[in-house]
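A.B. asks: Structure: coords_28.cif, mmCIF, C-alpha atoms.
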data_run
#
loop_
_atom_site.group_PDB
_atom_site.id
_atom_site.type_symbol
_atom_site.label_atom_id
_atom_site.label_comp_id
_atom_site.auth_asym_id
_atom_site.auth_seq_id
_atom_site.Cartn_x
_atom_site.Cartn_y
_atom_site.Cartn_z
ATOM 1 C CA MET X 100 21.561 33.259 24.283
ATOM 2 C CA GLY X 101 25.038 32.362 23.114
ATOM 3 C CA PHE X 102 28.376 34.085 23.271
ATOM 4 C CA LYS X 103 30.677 34.912 20.416
ATOM 5 C CA LEU X 104 33.863 35.919 22.178
ATOM 6 C CA PRO X 105 37.055 36.607 20.225
ATOM 7 C CA ARG X 106 39.372 33.651 19.825
ATOM 8 C CA LEU X 107 42.416 34.283 22.020
ATOM 9 C CA THR X 108 45.588 32.416 21.103
ATOM 10 C CA THR X 109 49.095 32.024 22.423
ATOM 11 C CA ASP X 110 52.210 30.771 20.684
ATOM 12 C CA VAL X 111 54.549 28.353 22.418
ATOM 13 C CA ASP X 112 58.022 28.453 20.851
ATOM 14 C CA CYS X 113 60.039 25.277 21.327
ATOM 15 C CA GLY X 114 63.341 27.178 21.499
ATOM 16 C CA PRO X 115 64.005 26.051 25.093
ATOM 17 C CA LEU X 116 64.028 22.461 23.775
ATOM 18 C CA GLY X 117 66.528 23.361 21.053
ATOM 19 C CA TYR X 118 63.917 23.685 18.296
ATOM 20 C CA ASP X 119 64.096 27.426 17.630
ATOM 21 C CA GLY X 120 61.151 28.681 15.612
ATOM 22 C CA LEU X 121 59.031 25.544 15.975
ATOM 23 C CA VAL X 122 55.772 27.057 17.243
ATOM 24 C CA PHE X 123 52.599 25.522 18.626
ATOM 25 C CA ARG X 124 49.615 27.894 18.476
ATOM 26 C CA PHE X 125 47.036 27.179 21.175
ATOM 27 C CA TRP X 126 43.540 28.514 21.715
ATOM 28 C CA LEU X 127 43.491 30.111 25.191
ATOM 29 C CA ASN X 128 39.748 30.412 25.682
ATOM 30 C CA ALA X 129 38.647 27.060 24.267
ATOM 31 C CA THR X 130 35.687 25.356 25.890
ATOM 32 C CA ASN X 131 36.307 22.368 28.142
ATOM 33 C CA PRO X 132 36.697 19.353 25.843
ATOM 34 C CA GLU X 133 35.719 16.874 28.544
ATOM 35 C CA GLN X 134 32.284 18.360 29.177
ATOM 36 C CA ASP X 135 30.656 16.826 26.112
ATOM 37 C CA TRP X 136 32.977 13.906 25.312
ATOM 38 C CA GLU X 137 32.176 10.247 25.718
ATOM 39 C CA ALA X 138 34.498 7.434 24.755
ATOM 40 C CA PRO X 139 33.161 5.468 21.796
ATOM 41 C CA ASP X 140 32.458 1.775 22.302
ATOM 42 C CA ASP X 141 34.938 0.689 19.639
ATOM 43 C CA PRO X 142 37.314 3.664 19.351
ATOM 44 C CA GLU X 143 39.768 4.409 16.621
ATOM 45 C CA PRO X 144 43.299 5.089 17.971
ATOM 46 C CA TRP X 145 42.731 8.872 17.768
ATOM 47 C CA GLU X 146 39.414 8.720 19.630
ATOM 48 C CA ARG X 147 41.122 8.855 23.023
ATOM 49 C CA LEU X 148 40.598 11.808 25.341
ATOM 50 C CA TRP X 149 44.240 12.938 24.922
ATOM 51 C CA TYR X 150 43.813 13.526 21.185
ATOM 52 C CA VAL X 151 40.379 15.107 21.635
ATOM 53 C CA VAL X 152 41.819 17.573 24.169
ATOM 54 C CA ILE X 153 44.842 18.384 22.001
ATOM 55 C CA ALA X 154 42.632 18.934 18.955
ATOM 56 C CA ARG X 155 40.347 21.248 20.948
ATOM 57 C CA VAL X 156 43.159 23.570 22.071
ATOM 58 C CA LEU X 157 45.949 23.170 19.482
ATOM 59 C CA GLU X 158 45.161 25.282 16.448
ATOM 60 C CA ARG X 159 48.302 24.655 14.391
ATOM 61 C CA VAL X 160 52.003 23.910 14.382
ATOM 62 C CA ILE X 161 54.325 26.234 12.475
ATOM 63 C CA VAL X 162 57.439 24.415 11.315
ATOM 64 C CA PRO X 163 60.392 26.505 10.102
ATOM 65 C CA GLY X 164 62.015 25.578 6.799
ATOM 66 C CA GLY X 165 65.119 24.267 8.519
ATOM 67 C CA TYR X 166 63.050 21.402 9.929
ATOM 68 C CA THR X 167 61.230 20.381 6.728
ATOM 69 C CA ASP X 168 62.238 18.202 3.786
ATOM 70 C CA SER X 169 61.239 20.970 1.374
ATOM 71 C CA GLY X 170 63.262 23.655 3.143
ATOM 72 C CA GLU X 171 60.110 25.804 3.229
ATOM 73 C CA GLU X 172 58.095 26.790 6.290
ATOM 74 C CA GLU X 173 55.091 24.541 6.734
ATOM 75 C CA VAL X 174 51.913 25.071 8.739
ATOM 76 C CA ILE X 175 50.162 21.988 10.064
ATOM 77 C CA ASP X 176 46.564 22.728 11.020
ATOM 78 C CA ILE X 177 44.981 20.545 13.694
ATOM 79 C CA PRO X 178 41.239 20.542 12.935
ATOM 80 C CA ASP X 179 40.397 17.295 14.749
ATOM 81 C CA ALA X 180 41.652 14.446 16.926
ATOM 82 C CA LYS X 181 42.818 12.422 13.929
ATOM 83 C CA ALA X 182 45.115 15.293 12.864
ATOM 84 C CA ALA X 183 46.571 15.449 16.400
ATOM 85 C CA TYR X 184 47.160 11.689 16.310
ATOM 86 C CA GLU X 185 48.836 11.922 12.896
ATOM 87 C CA LEU X 186 51.042 14.825 14.039
ATOM 88 C CA GLU X 187 52.296 12.787 16.967
ATOM 89 C CA ARG X 188 53.226 9.932 14.617
ATOM 90 C CA MET X 189 54.699 12.012 11.793
ATOM 91 C CA PRO X 190 58.087 10.607 10.686
ATOM 92 C CA GLY X 191 60.953 12.474 12.326
ATOM 93 C CA PHE X 192 58.699 14.214 14.865
ATOM 94 C CA GLU X 193 59.588 13.938 18.560
ATOM 95 C CA GLN X 194 56.370 13.025 20.379
ATOM 96 C CA GLY X 195 57.479 14.601 23.653
ATOM 97 C CA ILE X 196 57.361 18.061 22.086
ATOM 98 C CA ILE X 197 53.562 18.002 22.082
ATOM 99 C CA HIS X 198 53.463 17.151 25.779
ATOM 100 C CA TRP X 199 55.996 19.868 26.619
ATOM 101 C CA ALA X 200 54.176 22.523 24.566
ATOM 102 C CA PHE X 201 50.823 21.493 26.060
ATOM 103 C CA ASN X 202 52.247 21.889 29.587
ATOM 104 C CA VAL X 203 53.651 25.348 28.752
ATOM 105 C CA PHE X 204 50.260 26.299 27.300
ATOM 106 C CA GLY X 205 48.542 25.118 30.487
ATOM 107 C CA GLN X 206 50.846 27.262 32.625
ATOM 108 C CA GLU X 207 50.276 30.316 30.408
ATOM 109 C CA ARG X 208 46.530 29.781 30.514
ATOM 110 C CA GLN X 209 46.531 29.582 34.325
ATOM 111 C CA GLU X 210 48.702 32.714 34.581
ATOM 112 C CA ARG X 211 46.326 34.566 32.263
ATOM 113 C CA LEU X 212 43.302 33.562 34.327
ATOM 114 C CA ALA X 213 45.049 34.551 37.566
ATOM 115 C CA THR X 214 45.977 37.939 36.095
ATOM 116 C CA GLU X 215 42.420 38.543 34.941
ATOM 117 C CA ARG X 216 41.065 37.786 38.420
ATOM 118 C CA LYS X 217 43.309 40.523 39.829
ATOM 119 C CA ASN X 218 41.995 43.157 37.380
#
Output the structure of this file as structure tokens.

C.D. replies:
Amino acid sequence: MGFKLPRLTTDVDCGPLGYDGLVFRFWLNATNPEQDWEAPDDPEPWERLWYVVIARVLERVIVPGGYTDSGEEEVIDIPDAKAAYELERMPGFEQGIIHWAFNVFGQERQERLATERKN
């Protein structure tokens, strides 16, 4: 038997960092990425656990037009670890934002689980 639960997401807005409208959309009820991951013998740079974890829980980044060369809003989907690696190295992108957003996501996820235990 398998489960097909709805995909629950949360948006982390980077406004507190001074990047109003820059949003990271995370998957709240993702499965544990470490449970079935093994480091490859000769890994590519994106085949590290950090990128695998980010790719498992980060669905997309929504970038407002004020932060893009085109002036248009852009959505960057993160389908795999390579996309997470490339996001972190994108020209003009501050790498620390991913770490900050991931930490906020982790806090929100823990709060959600704690709330559900009370119900």

A.B. asks: One number please: CA of Gly205 (chain X) to CA of Ile175 (chain X), in Å, one decimal.

C.D. replies: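 Separation of CA of Gly205 (chain X) and CA of Ile175 (chain X): 20.7 Å.
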
A.B. asks: As an exercise, work out the distance from CA of Thr108 (chain X) to CA of Arg124 (chain X) in Å and give it to one decimal place.

C.D. replies: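 We find that CA of Thr108 (chain X) and CA of Arg124 (chain X) lie 6.6 Å from each other.
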
A.B. asks: Report as JSON, numbers by chain all protein, DNA and RNA residues lying within 8 Å of Tyr184 (chain X), evaluated on all atoms listed in the file, omitting residues in the same chain fewer than 2 positions from it.

C.D. replies: {"X": [144, 145, 150, 180, 181, 182, 186, 187, 188]}

A.B. asks: Please dump the current selection as a PDB file, in the frame of the given file; keep C-alpha atoms.

C.D. replies:
ATOM      1  CA  PRO X 144      43.299   5.089  17.971  1.00  0.00           C
ATOM      2  CA  TRP X 145      42.731   8.872  17.768  1.00  0.00           C
ATOM      3  CA  TYR X 150      43.813  13.526  21.185  1.00  0.00           C
ATOM      4  CA  ALA X 180      41.652  14.446  16.926  1.00  0.00           C
ATOM      5  CA  LYS X 181      42.818  12.422  13.929  1.00  0.00           C
ATOM      6  CA  ALA X 182      45.115  15.293  12.864  1.00  0.00           C
ATOM      7  CA  LEU X 186      51.042  14.825  14.039  1.00  0.00           C
ATOM      8  CA  GLU X 187      52.296  12.787  16.967  1.00  0.00           C
ATOM      9  CA  ARG X 188      53.226   9.932  14.617  1.00  0.00           C
TER      10      ARG X 188
END

A.B. asks: For each of X:Met189, X:Ile177, X:Ala154, X:Leu127, take the minimum atom-to-atom distance to Arg211 (chain X), counting only C-alpha atoms, then give the residue where this is smallest.

C.D. replies: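 Comparing X:Met189, X:Ile177, X:Ala154, X:Leu127 against Arg211 (chain X), the winner is X:Leu127.
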
A.B. asks: Written as a PyMOL selection string, what is the full residue list that the PyMOL selection byres ((chain X and resi 204) around 10) yields on the file shown?

C.D. replies: chain X and resi 108-111+123-127+156-157+198-203+205-210

A.B. asks: Using Å and a single decimal, report how far CA of Glu171 (chain X) sits from CA of Arg155 (chain X).

C.D. replies: 26.9 Å

A.B. asks: Using only C-alpha atoms, can you tell me which of X:Ala138, X:Val152, X:Met100, X:Val162 comes closest to Gly120 (chain X)?

C.D. replies: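 Comparing X:Ala138, X:Val152, X:Met100, X:Val162 against Gly120 (chain X), the winner is X:Val162.
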
A.B. asks: Leaving out Tyr166 (chain X) and any residue of its chain fewer than 5 positions from it, which residues lie within 12 Å of it when counting only C-alpha atoms, given as a list in words?

C.D. replies: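 Listing them by chain and then by number gives Gly117, Tyr118, Asp119, Gly120, Leu121, Val122, Ile161, Glu171, Glu172, Glu173, Val174, Pro190, Gly191, Phe192 and Glu193 of chain X.
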
A.B. asks: Kindly export the residues of the current selection with C-alpha atoms, as an mmCIF file, in the coordinates of the input.

C.D. replies:
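Okay, this is what ended up in again_35.cif:
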data_model
loop_
_atom_site.group_PDB
_atom_site.id
_atom_site.type_symbol
_atom_site.label_atom_id
_atom_site.label_comp_id
_atom_site.auth_asym_id
_atom_site.auth_seq_id
_atom_site.Cartn_x
_atom_site.Cartn_y
_atom_site.Cartn_z
ATOM 1 C CA GLY X 117 66.528 23.361 21.053
ATOM 2 C CA TYR X 118 63.917 23.685 18.296
ATOM 3 C CA ASP X 119 64.096 27.426 17.630
ATOM 4 C CA GLY X 120 61.151 28.681 15.612
ATOM 5 C CA LEU X 121 59.031 25.544 15.975
ATOM 6 C CA VAL X 122 55.772 27.057 17.243
ATOM 7 C CA ILE X 161 54.325 26.234 12.475
ATOM 8 C CA GLU X 171 60.110 25.804 3.229
ATOM 9 C CA GLU X 172 58.095 26.790 6.290
ATOM 10 C CA GLU X 173 55.091 24.541 6.734
ATOM 11 C CA VAL X 174 51.913 25.071 8.739
ATOM 12 C CA PRO X 190 58.087 10.607 10.686
ATOM 13 C CA GLY X 191 60.953 12.474 12.326
ATOM 14 C CA PHE X 192 58.699 14.214 14.865
ATOM 15 C CA GLU X 193 59.588 13.938 18.560
#

A.B. asks: If we count all atoms listed in the file, what is near Glu137 (chain X) at a cut-off of 12 Å, once residues fewer than 5 positions away on the same chain are taken out, given as JSON, numbers by chain?

C.D. replies: {"X": [132, 142, 146, 147, 148, 151]}

A.B. asks: Would you mind putting back N, CA and C atoms on region 135-150 of chain X, then writing it out as a short mmCIF file (atom, residue, chain, number, x, y, z; two decimals), in the frame of the given file?

C.D. replies:
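Result file follows (rebuild-v5.cif):
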data_model
loop_
_atom_site.label_atom_id
_atom_site.label_comp_id
_atom_site.auth_asym_id
_atom_site.auth_seq_id
_atom_site.Cartn_x
_atom_site.Cartn_y
_atom_site.Cartn_z
N ASP X 135 31.60 17.46 27.02
CA ASP X 135 30.66 16.83 26.11
C ASP X 135 31.25 15.62 25.38
N TRP X 136 32.30 15.02 25.97
CA TRP X 136 32.98 13.91 25.31
C TRP X 136 32.66 12.59 26.01
N GLU X 137 32.36 11.60 25.21
CA GLU X 137 32.18 10.25 25.72
C GLU X 137 33.00 9.32 24.86
N ALA X 138 33.68 8.39 25.49
CA ALA X 138 34.50 7.43 24.76
C ALA X 138 33.59 6.55 23.90
N PRO X 139 33.94 6.38 22.64
CA PRO X 139 33.16 5.47 21.80
C PRO X 139 33.34 4.02 22.26
N ASP X 140 32.38 3.19 21.91
CA ASP X 140 32.46 1.78 22.30
C ASP X 140 33.63 1.06 21.64
N ASP X 141 33.85 1.34 20.38
CA ASP X 141 34.94 0.69 19.64
C ASP X 141 35.79 1.79 19.01
N PRO X 142 36.63 2.46 19.83
CA PRO X 142 37.31 3.66 19.35
C PRO X 142 38.43 3.40 18.36
N GLU X 143 38.58 4.36 17.47
CA GLU X 143 39.77 4.41 16.62
C GLU X 143 40.92 4.87 17.51
N PRO X 144 42.18 4.68 17.11
CA PRO X 144 43.30 5.09 17.97
C PRO X 144 43.27 6.57 18.35
N TRP X 145 42.76 7.43 17.49
CA TRP X 145 42.73 8.87 17.77
C TRP X 145 41.50 9.30 18.56
N GLU X 146 40.62 8.38 18.89
CA GLU X 146 39.41 8.72 19.63
C GLU X 146 39.61 8.54 21.14
N ARG X 147 40.82 8.84 21.60
CA ARG X 147 41.12 8.86 23.02
C ARG X 147 41.05 10.30 23.50
N LEU X 148 40.78 10.47 24.79
CA LEU X 148 40.60 11.81 25.34
C LEU X 148 41.82 12.69 25.09
N TRP X 149 43.02 12.15 25.16
CA TRP X 149 44.24 12.94 24.92
C TRP X 149 44.18 13.65 23.58
N TYR X 150 43.84 12.93 22.52
CA TYR X 150 43.81 13.53 21.18
C TYR X 150 42.65 14.50 21.02
#
